[in-house]
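Participant: Submitted below is the structure of interest, expressed as structure tokens.
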Amino acid sequence: MSAYRAVVFDFFGTLTRSVQRGPQHADIARSLGADPEAVTGVLDSTFRARACGRYGSAEATLRWVIEQAGGRPRPGAIRAAMPARIDALRADTQLRSDAVSALTAIRGRGVRTAVISDCTHELPAFLPGLPVAPLLDAQIYSVELGVCKPDPEIYLAACDRLGVAPSDCLYVGDGGSHELTGAAAVGMTPVRLAAPDLASHLVFDADTNFAGRTVRSLTDVLALLRHTPAMAV
């Protein structure tokens with residue numbers, strides 16, 4: 001019997017390997033009449049705002065980004081580019097080799113699972129088609145909720161969907177968005193995934209001072225399920 005009732009995962013860099021932007025992003029920028037480097041600069045500087053849904057729909061957000069980068073897209077060009085934008089994010093995303101096996105084993109112990117992601121509109125469009133989707137009891141997307149980590153609301157939304165208390169949850173993440181300290185603040189037990197590939201991961205607002213538990217792989221999380229939750233001690 002597991003001491004925890006749920007394990008909540010970050011997505012990018014946790015259920016996936018290290019993420020870097022691939023060449024498709026530059027192709028999209030050029031197709032919309034904008035300089036790729038300028039677009040990258042806007043994407044980097046506005047990630048949090050975009051992940052909180054500040055600029056509206058996926059289409060409205062892409063238009064805003066391109067215009068901020070100096071592009072003046074033709075009528076209909078933004079809408080036509082939307083499938084390519086989703087494909088570009090999907091191409092950047094490679095699940096960890098043990099993601100499916102680890103989630104399967106966790107659920108096999110009667111423990112529920114969820115993902116909480118600071119993400120833009122693309123992830124909710126393609127995650128349902130990934131092999132991990134049927135192994136997640138809840139998917140919480142910042143762009144749909146309107147808040148990003150470490151806002152307590154995003155963690156509590158996962159608990160609500162799972163029907164568990166924060167103290168019943170392990171939270172596993174690479175440490176972006178101050179997610180580990182945020183999880184601890186609501187009463188979850190945070191665990192940093194320190195996989196070797198993350199040295200080159202595209203990360204925003206890293207939890208650099210986290211001094212809690214660390215695992216090297218998703219499979220290592222299984223051993224932690226036997227530990228007593230910190231809040232229950």
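Here, A, B, ... name the chains of the structure tokens in the order displayed, residue numbers run from 1 inside each chain, and ligands are numbered from 1 in the same displayed order.
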Quick one: everything within 10 Å of A:Glu153, counting only C-alpha atoms, minus sequence neighbours fewer than 6 positions away in the same chain. Send it as a list in words.

Facilitator: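 What passes the distance filter is Ser142, Leu145, Gly146, Val147, Cys159 and Val186 of chain A.
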
Participant: As a PyMOL selection string, please: the residues near A:Leu180 (cut-off 7 Å, only C-alpha atoms, same-chain neighbours under 4 positions excluded).

Facilitator: chain A and resi 173+175+184+190+207

Participant: May I have the residues from that selection written out with C-alpha atoms, as a tab-separated table (two decimals), in the first residue's frame?

Facilitator:
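The result, stored in result.tsv:
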chain	number	residue	atom	x	y	z
A	173	GLY	CA	9.20	18.31	-11.57
A	175	GLY	CA	12.11	22.83	-11.03
A	184	ALA	CA	5.62	22.55	-0.91
A	190	PRO	CA	8.11	18.04	-3.84
A	207	ASP	CA	13.86	26.66	-8.49

Participant: Near A:Ser217, within 8 Å and counting only C-alpha atoms, which residues show up once chain neighbours fewer than 2 positions away are dropped, as a count of residues only?

Facilitator: 8

Participant: Compile the contact shell of A:Leu43 as a ChimeraX atom specification: residues with an atom at most 10 Å away, counting only C-alpha atoms, same-chain residues fewer than 3 positions apart removed.

Facilitator: /A:37-40,46-50,62,65-66,68-69

Participant: Taking only residues of stretch 10-106 of chain A that have an atom at most 7 Å from an atom of stretch 118-125 of chain A, what is each one's shortest atom pair and its distance in Å to one decimal, using only C-alpha atoms, in chain and number order, as JSON lines?

Facilitator:
{"residue": "A:Arg50", "atom": "CA", "partner": "A:Thr120", "partner_atom": "CA", "distance": 6.1}
{"residue": "A:Ala51", "atom": "CA", "partner": "A:Thr120", "partner_atom": "CA", "distance": 4.6}
{"residue": "A:Ala58", "atom": "CA", "partner": "A:His121", "partner_atom": "CA", "distance": 5.5}
{"residue": "A:Ile86", "atom": "CA", "partner": "A:Glu122", "partner_atom": "CA", "distance": 5.2}
{"residue": "A:Leu89", "atom": "CA", "partner": "A:Glu122", "partner_atom": "CA", "distance": 6.9}

Participant: Restricting the output to N, CA, C and O atoms, write the selected residues as a PDB file, in the first residue's frame.

Facilitator:
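Result file result_24.pdb:
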ATOM      1  N   ARG A  50       1.939  34.370 -21.794  1.00  0.00           N
ATOM      2  CA  ARG A  50       1.249  33.523 -22.773  1.00  0.00           C
ATOM      3  C   ARG A  50       0.690  32.267 -22.108  1.00  0.00           C
ATOM      4  O   ARG A  50      -0.413  31.815 -22.424  1.00  0.00           O
ATOM      5  N   ALA A  51       1.464  31.706 -21.173  1.00  0.00           N
ATOM      6  CA  ALA A  51       1.022  30.487 -20.495  1.00  0.00           C
ATOM      7  C   ALA A  51      -0.167  30.740 -19.571  1.00  0.00           C
ATOM      8  O   ALA A  51      -0.893  29.803 -19.230  1.00  0.00           O
ATOM      9  N   ALA A  58      -5.407  30.842 -29.102  1.00  0.00           N
ATOM     10  CA  ALA A  58      -4.147  30.433 -29.730  1.00  0.00           C
ATOM     11  C   ALA A  58      -3.849  31.316 -30.940  1.00  0.00           C
ATOM     12  O   ALA A  58      -2.713  31.769 -31.141  1.00  0.00           O
ATOM     13  N   ILE A  86       1.262  23.843 -33.682  1.00  0.00           N
ATOM     14  CA  ILE A  86       1.046  22.660 -32.841  1.00  0.00           C
ATOM     15  C   ILE A  86       2.068  21.577 -33.183  1.00  0.00           C
ATOM     16  O   ILE A  86       2.674  20.969 -32.289  1.00  0.00           O
ATOM     17  N   LEU A  89       5.554  22.377 -31.654  1.00  0.00           N
ATOM     18  CA  LEU A  89       5.662  22.063 -30.223  1.00  0.00           C
ATOM     19  C   LEU A  89       5.718  20.558 -30.003  1.00  0.00           C
ATOM     20  O   LEU A  89       6.482  20.071 -29.161  1.00  0.00           O
TER      21      LEU A  89
END

Participant: What gap, in Å, lies between atom CA of A:Val8 and atom CA of A:Pro83?

Facilitator: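 Computing the Euclidean distance for atom CA of A:Val8 and atom CA of A:Pro83 yields 29.0 Å.
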
Participant: Of the candidates A:Val164, A:Leu218, A:Ala3, A:Leu130, which one gets nearest to A:Ser97 if we count only C-alpha atoms?

Facilitator: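 Ranking A:Val164, A:Leu218, A:Ala3, A:Leu130 by distance to A:Ser97, first place goes to A:Leu218.
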
Participant: Please provide the set of residues having any atom within 9 Å of A:Arg63, restricted to only C-alpha atoms, with same-chain residues fewer than 4 positions apart removed, written as a list of chain:residue names.

Facilitator: A:Ala58, A:Glu59, A:Glu67, A:Gln68, A:Gly71, A:Arg72, A:Pro73, A:Ile78

Participant: Which polymer residues have any atom within 9 Å of an atom of A:Asp137, counting only C-alpha atoms, with same-chain residues fewer than 2 positions away left out, as a ChimeraX atom specification?

Facilitator: /A:112-115,133-135,139,161-162

Participant: Output the selection as a PDB file, in the first residue's frame - C-alpha atoms for each residue.

Facilitator:
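Output file part.pdb is given in full below:
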ATOM      1  CA  ARG A 112      -3.696   8.411  -8.971  1.00  0.00           C
ATOM      2  CA  THR A 113      -1.721  10.554 -11.404  1.00  0.00           C
ATOM      3  CA  ALA A 114      -1.961  14.053 -12.829  1.00  0.00           C
ATOM      4  CA  VAL A 115       0.016  16.500 -14.895  1.00  0.00           C
ATOM      5  CA  ALA A 133      -2.661  10.549 -21.886  1.00  0.00           C
ATOM      6  CA  PRO A 134      -4.736   7.519 -20.794  1.00  0.00           C
ATOM      7  CA  LEU A 135      -2.391   7.083 -17.797  1.00  0.00           C
ATOM      8  CA  GLN A 139      -4.505  17.235 -16.810  1.00  0.00           C
ATOM      9  CA  ARG A 161      -9.794  16.779  -9.847  1.00  0.00           C
ATOM     10  CA  LEU A 162      -8.072  13.839  -8.165  1.00  0.00           C
TER      11      LEU A 162
END

Participant: Run DSSP on the backbone and tell me which residues of stretch 71-207 of chain A come out as helix (DSSP H, G or I); list them as number ranges by chain.

Facilitator: A: 77-91, 99-108, 122-129, 133-135, 142-145, 152-162, 166-168, 176-186, 196-200

Participant: Give the strand (DSSP E) residues of stretch 62-229 of chain A, as DSSP finds them on the backbone, and put them as a PyMOL selection string.

Facilitator: chain A and resi 112-117+138-141+169-173+189-193+213-215

Participant: Generate a file of the selected residues that holds C-alpha atoms, formatted as a short mmCIF file (atom, residue, chain, number, x, y, z; two decimals), in the first residue's frame.

Facilitator:
data_model
loop_
_atom_site.label_atom_id
_atom_site.label_comp_id
_atom_site.auth_asym_id
_atom_site.auth_seq_id
_atom_site.Cartn_x
_atom_site.Cartn_y
_atom_site.Cartn_z
CA ARG A 112 -3.70 8.41 -8.97
CA THR A 113 -1.72 10.55 -11.40
CA ALA A 114 -1.96 14.05 -12.83
CA VAL A 115 0.02 16.50 -14.90
CA ILE A 116 0.26 20.23 -14.17
CA SER A 117 1.84 22.22 -16.98
CA ALA A 138 -6.17 14.73 -14.52
CA GLN A 139 -4.51 17.23 -16.81
CA ILE A 140 -4.19 20.80 -15.53
CA TYR A 141 -3.07 23.41 -18.09
CA CYS A 169 0.53 14.08 -3.10
CA LEU A 170 4.05 13.73 -4.36
CA TYR A 171 4.90 16.49 -6.83
CA VAL A 172 7.62 15.65 -9.37
CA GLY A 173 9.20 18.31 -11.57
CA THR A 189 5.88 16.70 -1.02
CA PRO A 190 8.11 18.04 -3.84
CA VAL A 191 10.71 15.92 -5.62
CA ARG A 192 13.14 17.29 -8.17
CA LEU A 193 13.81 15.23 -11.29
CA ARG A 213 14.50 15.07 -2.44
CA THR A 214 15.95 14.40 -5.87
CA VAL A 215 15.49 11.50 -8.27
#

Participant: Using only C-alpha atoms, find the one residue out of A:Val143, A:Cys52, A:Leu136, A:Ala102 that sits nearest to A:Ala158.

Facilitator: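 Smallest separation from A:Ala158 among the options: A:Leu136.
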